[in-house]
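Dumped coords30.txt below, it's compact mmCIF, C-alpha atoms:
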# COMPACT_ATOMS: atom_id res chain seq x y z
CA MET A 1 -47.07 51.76 40.10
CA GLN A 2 -47.41 48.26 38.59
CA ASN A 3 -44.92 48.98 35.79
CA GLN A 4 -42.45 50.46 38.26
CA LEU A 5 -42.61 47.35 40.44
CA ASP A 6 -42.05 45.14 37.40
CA ILE A 7 -38.97 47.19 36.50
CA ILE A 8 -37.65 46.95 40.06
CA CYS A 9 -38.14 43.17 40.11
CA ASP A 10 -36.32 42.88 36.79
CA ILE A 11 -33.41 44.96 38.08
CA ILE A 12 -33.11 42.79 41.19
CA CYS A 13 -33.34 39.57 39.14
CA ASN A 14 -30.52 40.73 36.90
CA ASN A 15 -28.39 41.93 39.80
CA LYS A 16 -28.35 45.49 38.43
CA LEU A 17 -29.23 47.29 41.64
CA PRO A 18 -27.91 50.86 41.82
CA HIS A 19 -26.16 52.05 44.96
CA SER A 20 -28.80 54.72 45.60
CA ILE A 21 -32.56 54.46 45.06
CA LEU A 22 -35.27 57.04 45.64
CA PHE A 23 -38.86 55.90 46.03
CA GLU A 24 -41.55 58.55 45.62
CA VAL A 25 -44.64 57.36 47.49
CA ASP A 26 -48.03 58.35 48.81
CA TYR A 27 -47.87 58.59 52.59
CA ASN A 28 -50.59 56.07 53.37
CA ASN A 29 -50.83 53.19 55.84
CA ASP A 30 -48.80 50.68 53.84
CA TYR A 31 -46.18 52.74 51.98
CA LEU A 32 -43.31 51.57 54.20
CA LYS A 33 -44.49 47.96 53.94
CA ARG A 34 -44.21 48.26 50.16
CA VAL A 35 -40.65 49.51 50.46
CA LEU A 36 -39.74 46.72 52.89
CA ASN A 37 -41.22 44.15 50.50
CA ILE A 38 -38.83 45.39 47.84
CA VAL A 39 -35.98 44.98 50.33
CA LYS A 40 -37.13 41.39 50.93
CA LEU A 41 -36.77 40.69 47.21
CA ILE A 42 -33.09 41.57 47.56
CA PHE A 43 -32.45 39.38 50.62
CA CYS A 44 -34.95 36.51 50.32
CA GLU A 45 -33.27 33.17 51.11
CA ASN A 46 -35.71 31.39 48.80
CA ASN A 47 -34.59 33.63 45.94
CA ASN A 48 -38.14 34.90 45.50
CA LYS A 49 -38.14 37.71 42.94
CA ASP A 50 -41.90 38.04 42.65
CA TYR A 51 -43.19 41.01 44.65
CA TYR A 52 -46.70 39.55 44.81
CA SER A 53 -45.75 36.20 46.31
CA LEU A 54 -43.75 37.38 49.29
CA ASP A 55 -44.39 36.55 52.96
CA CYS A 56 -44.65 32.80 52.55
CA GLY A 57 -43.45 32.54 56.15
CA LYS A 58 -40.61 30.16 55.21
CA CYS A 59 -37.78 32.65 54.74
CA ASN A 60 -35.98 33.52 57.96
CA ILE A 61 -34.57 36.79 56.63
CA CYS A 62 -37.97 37.99 55.39
CA ASN A 63 -39.43 37.16 58.80
CA LEU A 64 -36.65 39.11 60.52
CA ILE A 65 -37.34 42.10 58.27
CA ASN A 66 -41.03 41.89 59.20
CA ASP A 67 -40.06 41.98 62.88
CA ASN A 68 -37.52 44.79 62.35
CA LEU A 69 -34.74 42.49 63.57
CA PHE A 70 -32.63 41.97 60.45
CA PRO A 71 -29.12 43.24 61.35
CA ASP A 72 -28.16 44.43 57.86
CA LEU A 73 -31.14 46.74 57.46
CA THR A 74 -31.24 50.13 59.16
CA ILE A 75 -34.13 52.59 58.98
CA ILE A 76 -33.44 56.25 59.66
CA ASP A 77 -36.56 58.06 60.84
CA THR A 78 -37.54 60.90 63.14
CA ASP A 79 -40.55 62.14 65.08
CA SER A 80 -39.27 65.72 64.97
CA ASN A 81 -39.22 68.22 62.13
CA TRP A 82 -35.79 67.18 60.85
CA ILE A 83 -33.53 64.19 60.39
CA LYS A 84 -30.37 65.24 62.19
CA LYS A 85 -26.78 65.18 61.01
CA GLN A 86 -25.75 62.98 63.94
CA GLN A 87 -28.10 60.25 62.73
CA LEU A 88 -26.22 60.16 59.42
CA LEU A 89 -22.83 60.15 61.17
CA ASP A 90 -23.96 57.26 63.38
CA LEU A 91 -25.16 55.43 60.27
CA LYS A 92 -21.82 55.87 58.53
CA SER A 93 -19.98 54.58 61.60
CA GLU A 94 -22.29 51.57 61.84
CA PHE A 95 -21.94 50.73 58.16
CA ASN A 96 -18.16 50.66 58.40
CA ASN A 97 -18.63 47.21 59.90
CA LYS A 98 -19.01 44.18 57.65
CA SER A 99 -22.37 42.59 56.96
CA LEU A 100 -23.38 40.17 59.70
CA SER A 101 -25.40 38.02 57.34
CA GLY A 102 -22.91 37.99 54.49
CA PHE A 103 -25.33 39.87 52.24
CA LYS A 104 -25.54 43.49 51.27
CA LYS A 105 -26.30 46.16 53.83
CA ILE A 106 -29.21 48.50 53.21
CA TYR A 107 -30.26 51.70 54.90
CA ILE A 108 -33.61 53.36 54.41
CA ILE A 109 -34.11 57.07 55.03
CA ASN A 110 -37.82 57.39 55.67
CA LYS A 111 -39.45 60.75 54.87
CA ALA A 112 -36.22 61.99 53.34
CA GLU A 113 -37.71 65.46 52.84
CA LYS A 114 -36.97 65.93 56.56
CA LEU A 115 -33.25 66.04 55.86
CA ASN A 116 -32.02 69.52 56.71
CA VAL A 117 -29.07 71.22 55.02
CA SER A 118 -26.53 69.72 57.41
CA SER A 119 -27.85 66.14 57.29
CA SER A 120 -28.35 66.40 53.51
CA ASN A 121 -24.69 67.29 53.05
CA SER A 122 -23.66 64.40 55.29
CA LEU A 123 -25.78 62.02 53.23
CA LEU A 124 -24.36 63.45 50.03
CA LYS A 125 -20.84 62.53 51.13
CA PHE A 126 -22.10 59.01 51.79
CA LEU A 127 -23.67 58.80 48.32
CA GLU A 128 -20.63 60.23 46.56
CA GLU A 129 -18.43 57.38 47.79
CA PRO A 130 -20.65 54.28 47.38
CA GLU A 131 -19.44 50.87 48.47
CA ASP A 132 -20.34 47.72 46.55
CA ASN A 133 -22.13 46.07 49.46
CA ILE A 134 -24.18 49.09 50.59
CA ILE A 135 -27.50 50.24 49.11
CA ALA A 136 -29.17 53.52 50.07
CA ILE A 137 -32.97 53.79 49.81
CA LEU A 138 -34.59 57.19 50.21
CA VAL A 139 -38.35 57.43 50.66
CA THR A 140 -40.26 60.66 50.11
CA SER A 141 -43.64 61.95 48.99
CA ASN A 142 -41.99 64.63 46.84
CA ARG A 143 -38.53 64.26 45.30
CA TYR A 144 -38.24 68.00 44.69
CA LEU A 145 -38.00 68.68 48.42
CA LEU A 146 -34.55 67.06 48.35
CA LEU A 147 -31.31 68.60 47.15
CA ASP A 148 -30.93 68.23 43.38
CA THR A 149 -27.44 66.81 44.00
CA ILE A 150 -29.03 64.00 46.02
CA ILE A 151 -31.72 63.35 43.38
CA SER A 152 -29.09 63.18 40.65
CA ARG A 153 -27.27 60.37 42.48
CA CYS A 154 -30.36 58.20 42.84
CA GLN A 155 -32.37 56.05 40.50
CA VAL A 156 -35.91 57.34 41.00
CA PHE A 157 -39.03 55.15 41.04
CA ASN A 158 -42.55 56.52 41.36
CA LEU A 159 -44.60 54.18 43.56
CA LYS A 160 -47.53 56.55 43.94
CA ASP A 161 -51.10 55.36 43.51
CA THR A 162 -52.58 58.84 43.50
CA ILE A 163 -53.21 60.42 40.12
CA ILE A 164 -54.51 63.98 40.14
CA VAL A 165 -56.18 64.95 36.88
CA LEU A 166 -56.18 68.69 36.30
CA ASP A 167 -59.38 69.96 34.69
CA GLU A 168 -59.29 72.46 31.84
CA ASN A 169 -59.87 75.49 34.08
CA MET A 170 -57.16 74.47 36.55
CA MET A 171 -54.69 73.77 33.75
CA SER A 172 -55.42 77.21 32.26
CA ASN A 173 -54.80 78.92 35.61
CA VAL A 174 -51.60 76.94 36.22
CA LYS A 175 -50.18 77.82 32.81
CA CYS A 176 -51.16 81.48 33.23
CA PHE A 177 -49.41 81.61 36.60
CA LEU A 178 -46.28 79.94 35.21
CA ASP A 179 -46.21 82.30 32.24
CA TYR A 180 -45.84 85.21 34.63
CA ILE A 181 -42.94 83.47 36.33
CA LYS A 182 -41.19 82.50 33.09
CA MET A 183 -41.56 85.97 31.58
CA LYS A 184 -40.52 87.65 34.83
CA LYS A 185 -43.56 89.91 34.81
CA ASN A 186 -44.45 91.79 37.95
CA PHE A 187 -47.22 89.92 39.73
CA PHE A 188 -48.64 93.11 41.17
CA VAL A 189 -49.43 94.54 37.71
CA ASP A 190 -52.30 92.04 37.36
CA TYR A 191 -52.88 91.53 41.06
CA LYS A 192 -56.65 91.94 40.62
CA TYR A 193 -56.76 89.18 38.00
CA PHE A 194 -55.11 86.71 40.35
CA LEU A 195 -57.41 87.67 43.23
CA GLU A 196 -60.56 87.27 41.12
CA ASN A 197 -59.62 84.12 39.22
CA ILE A 198 -57.10 82.07 41.18
CA PHE A 199 -56.58 83.20 44.77
CA VAL A 200 -60.25 83.88 45.49
CA ASP A 201 -60.19 82.53 49.04
CA LYS A 202 -58.27 80.10 51.22
CA ASN A 203 -59.95 76.93 49.87
CA ASN A 204 -59.52 77.96 46.22
CA THR A 205 -55.90 78.83 46.89
CA ILE A 206 -55.11 75.45 48.48
CA SER A 207 -56.79 73.69 45.53
CA PHE A 208 -54.78 75.78 43.07
CA LEU A 209 -51.48 75.18 44.89
CA ASN A 210 -52.14 71.42 44.87
CA GLY A 211 -52.80 71.55 41.13
CA LEU A 212 -49.74 73.71 40.50
CA GLU A 213 -47.51 71.39 42.50
CA GLU A 214 -48.87 68.30 40.72
CA TYR A 215 -48.22 69.91 37.35
CA LEU A 216 -44.67 70.90 38.30
CA ILE A 217 -43.81 67.44 39.63
CA ASN A 218 -45.24 65.48 36.70
CA CYS A 219 -44.87 67.89 33.80
CA ASN A 220 -41.63 69.72 34.62
CA PHE A 221 -40.07 68.93 31.25
CA LYS A 222 -43.00 70.66 29.54
CA CYS A 223 -43.10 73.83 31.62
CA ASP A 224 -39.59 74.99 30.67
CA ILE A 225 -38.50 75.85 34.20
CA LYS A 226 -34.94 75.03 35.22
CA LEU A 227 -34.61 72.27 37.82
CA ASP A 228 -33.24 74.52 40.58
CA SER A 229 -36.03 77.05 40.05
CA LEU A 230 -38.62 74.29 39.89
CA MET A 231 -37.36 72.87 43.19
CA SER A 232 -37.43 76.31 44.79
CA LEU A 233 -41.00 76.82 43.65
CA VAL A 234 -42.17 73.43 44.92
CA LYS A 235 -40.52 74.04 48.29
CA ILE A 236 -42.23 77.42 48.58
CA ILE A 237 -45.59 75.82 47.72
CA GLU A 238 -45.11 73.08 50.34
CA MET A 239 -44.23 75.57 53.06
CA GLU A 240 -47.02 77.97 52.16
CA LYS A 241 -49.67 75.24 52.11
CA GLN A 242 -48.70 74.38 55.67
CA LYS A 243 -49.12 78.02 56.71
CA LEU A 244 -52.60 78.10 55.21
CA ASP A 245 -53.63 75.36 57.64
CA PHE A 246 -53.37 77.95 60.41
CA ASN A 247 -55.87 80.71 61.06
CA LEU A 248 -53.96 83.60 59.51
CA ASN A 249 -54.87 86.75 57.62
CA PHE A 250 -55.32 85.53 54.05
CA LYS A 251 -54.52 88.90 52.43
CA ILE A 252 -51.25 89.25 54.39
CA TRP A 253 -50.34 85.64 53.50
CA LEU A 254 -51.01 86.30 49.81
CA ASP A 255 -48.76 89.38 49.76
CA SER A 256 -46.00 87.35 51.42
CA PHE A 257 -46.46 84.44 48.99
CA PHE A 258 -46.15 86.71 45.93
CA ALA A 259 -43.06 88.37 47.39
CA LYS A 260 -41.38 85.00 47.89
CA ILE A 261 -42.18 83.90 44.36
CA ILE A 262 -40.72 87.09 42.94
CA GLY A 263 -37.67 87.07 45.22
CA GLU A 264 -36.70 83.42 45.23
CA VAL A 265 -37.67 81.86 41.88
CA TYR A 266 -35.49 82.62 38.87
CA VAL A 267 -36.00 81.10 35.43
Here is a file; write its structure as structure tokens.
Amino acid sequence: MQNQLDIICDIICNNKLPHSILFEVDYNNDYLKRVLNIVKLIFCENNNKDYYSLDCGKCNICNLINDNLFPDLTIIDTDSNWIKKQQLLDLKSEFNNKSLSGFKKIYIINKAEKLNVSSSNSLLKFLEEPEDNIIAILVTSNRYLLLDTIISRCQVFNLKDTIIVLDENMMSNVKCFLDYIKMKKNFFVDYKYFLENIFVDKNNTISFLNGLEEYLINCNFKCDIKLDSLMSLVKIIEMEKQKLDFNLNFKIWLDSFFAKIIGEVYV
């Protein structure tokens, strides 16, 4: 994360900010504070461009951002399952007005993976016609849960602290699983192999899916899977991991999971 922050500071110092930024983060207690600190670097009245020396208490704008009172910063969030289209329409209407502070206007979409199809398309229209004084910041724990057309319009920065190291056995299982996908083999031909070596029980399966997802996110250029197929696979994994949190019949879940992989992922 350190190198990414240094790059961001350098971009801000040289006034090279893109119109759309995507921050990939760990959802911990201070992830949003980190994002807001980057916003402060853009607005700071004292022209502070050092991420690690913020919050001196002397900059009025930084203090307003801390108190969520700065008029040219809007945060889109939701307590429900989805960020709704109307929230994006209201944002667009609000941002038609000029900046009250004379600076740029910034909107943050927190947990952007909660954008549904309708709100994603509304955001896409916003991103396709950027204005010089408006910066979009999207925050997510997994970029591949967003539309690829949205990702392609953003400069992506990985602010994650978490590094998952896949051991030799996990890596072997992941590559074996991906080989079946890439070669379009029928999963059910070697169903017994998967049951005995990878999907042994619920806990083993969750561990494997976490490893598989980590590999896909960080090594996608090495696994030779097209971006749209990779995104489909990651979305399936995310949804299926949530289902495993419930007390369901593991064998029925496994049959359903294999069917989705076969029916929805094309390489």
Could you build a table of the residues in region 20-125 of chain A lying no more than 9 Å from region 136-154 of chain A, giving for each the nearest pair of atoms and their separation in Å rounded to one decimal place, using only C-alpha atoms, ordered by chain and ascending residue number, as a tab-separated table?
residue	atom	partner	partner_atom	distance
A:Ser20	CA	A:Ala136	CA	4.6
A:Ile21	CA	A:Ile137	CA	4.8
A:Leu22	CA	A:Leu138	CA	4.6
A:Phe23	CA	A:Val139	CA	4.9
A:Glu24	CA	A:Thr140	CA	5.1
A:Val25	CA	A:Ser141	CA	4.9
A:Asp26	CA	A:Ser141	CA	5.7
A:Tyr27	CA	A:Ser141	CA	6.5
A:Leu32	CA	A:Val139	CA	8.5
A:Val35	CA	A:Val139	CA	8.2
A:Lys105	CA	A:Ala136	CA	8.7
A:Ile106	CA	A:Ala136	CA	5.9
A:Tyr107	CA	A:Ala136	CA	5.3
A:Ile108	CA	A:Ile137	CA	4.7
A:Ile109	CA	A:Leu138	CA	4.8
A:Asn110	CA	A:Val139	CA	5.0
A:Lys111	CA	A:Thr140	CA	4.8
A:Ala112	CA	A:Thr140	CA	5.3
A:Glu113	CA	A:Leu145	CA	5.5
A:Lys114	CA	A:Leu146	CA	8.6
A:Leu115	CA	A:Leu146	CA	7.7
A:Val117	CA	A:Leu147	CA	8.6
A:Ser120	CA	A:Leu147	CA	7.4
A:Asn121	CA	A:Ile150	CA	8.9
A:Leu123	CA	A:Ile150	CA	8.2
A:Leu124	CA	A:Ile150	CA	6.2
**Item:** Pick from A:Asp255, A:Lys84, A:Phe103, A:Asp30, whichever lies nearest to Cys44 (chain A) using only C-alpha atoms
**Value:**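 Of the candidates, the smallest distance to Cys44 (chain A) is held by A:Phe103.
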Adding 8 Å on each side of the box along x, y and z that holds all listed atoms of region 163-181 of chain A, could you give its centre and edge lengths in Å to one decimal, as lines of an AutoDock Vina configuration file?
center_x = -51.4
center_y = 72.8
center_z = 36.0
size_x = 32.9
size_y = 40.8
size_z = 24.3
**Request:** Select, from A:Ile261, A:Glu131, A:Phe250, A:Ile12, the residue with the minimum atom-to-atom distance to Leu230 (chain A), counting only C-alpha atoms.
**Result:** A:Ile261
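As for CA of Leu69 (chain A) and CA of Lys92 (chain A), they are spaced 19.3 Å apart.
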**Request:** Just give me the gap between CA of Asn37 (chain A) and CA of Thr74 (chain A) in Å, one decimal is fine.
**Result:**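 Spanning CA of Asn37 (chain A) to CA of Thr74 (chain A) is a straight-line distance of 14.5 Å.
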**Asked** Could you work out how far CA of Trp82 (chain A) lies from CA of His19 (chain A), giving the answer in Å with one decimal?
**Response**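 Result for CA of His19 (chain A) versus CA of Trp82 (chain A): 24.0 Å, one decimal.
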**Asked** Do you know which residues are at most 12 Å from Leu89 (chain A) counting only C-alpha atoms, after dropping those on the same chain fewer than 2 positions away, and could you put them as a PyMOL selection string?
**Response** chain A and resi 76+83-87+91-96+118-126
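With only C-alpha atoms as the atoms that count, the minimum distance from Asn63 (chain A) to the choices A:Phe257, A:Tyr215, A:Phe43, A:Tyr31 is reached by A:Phe43.
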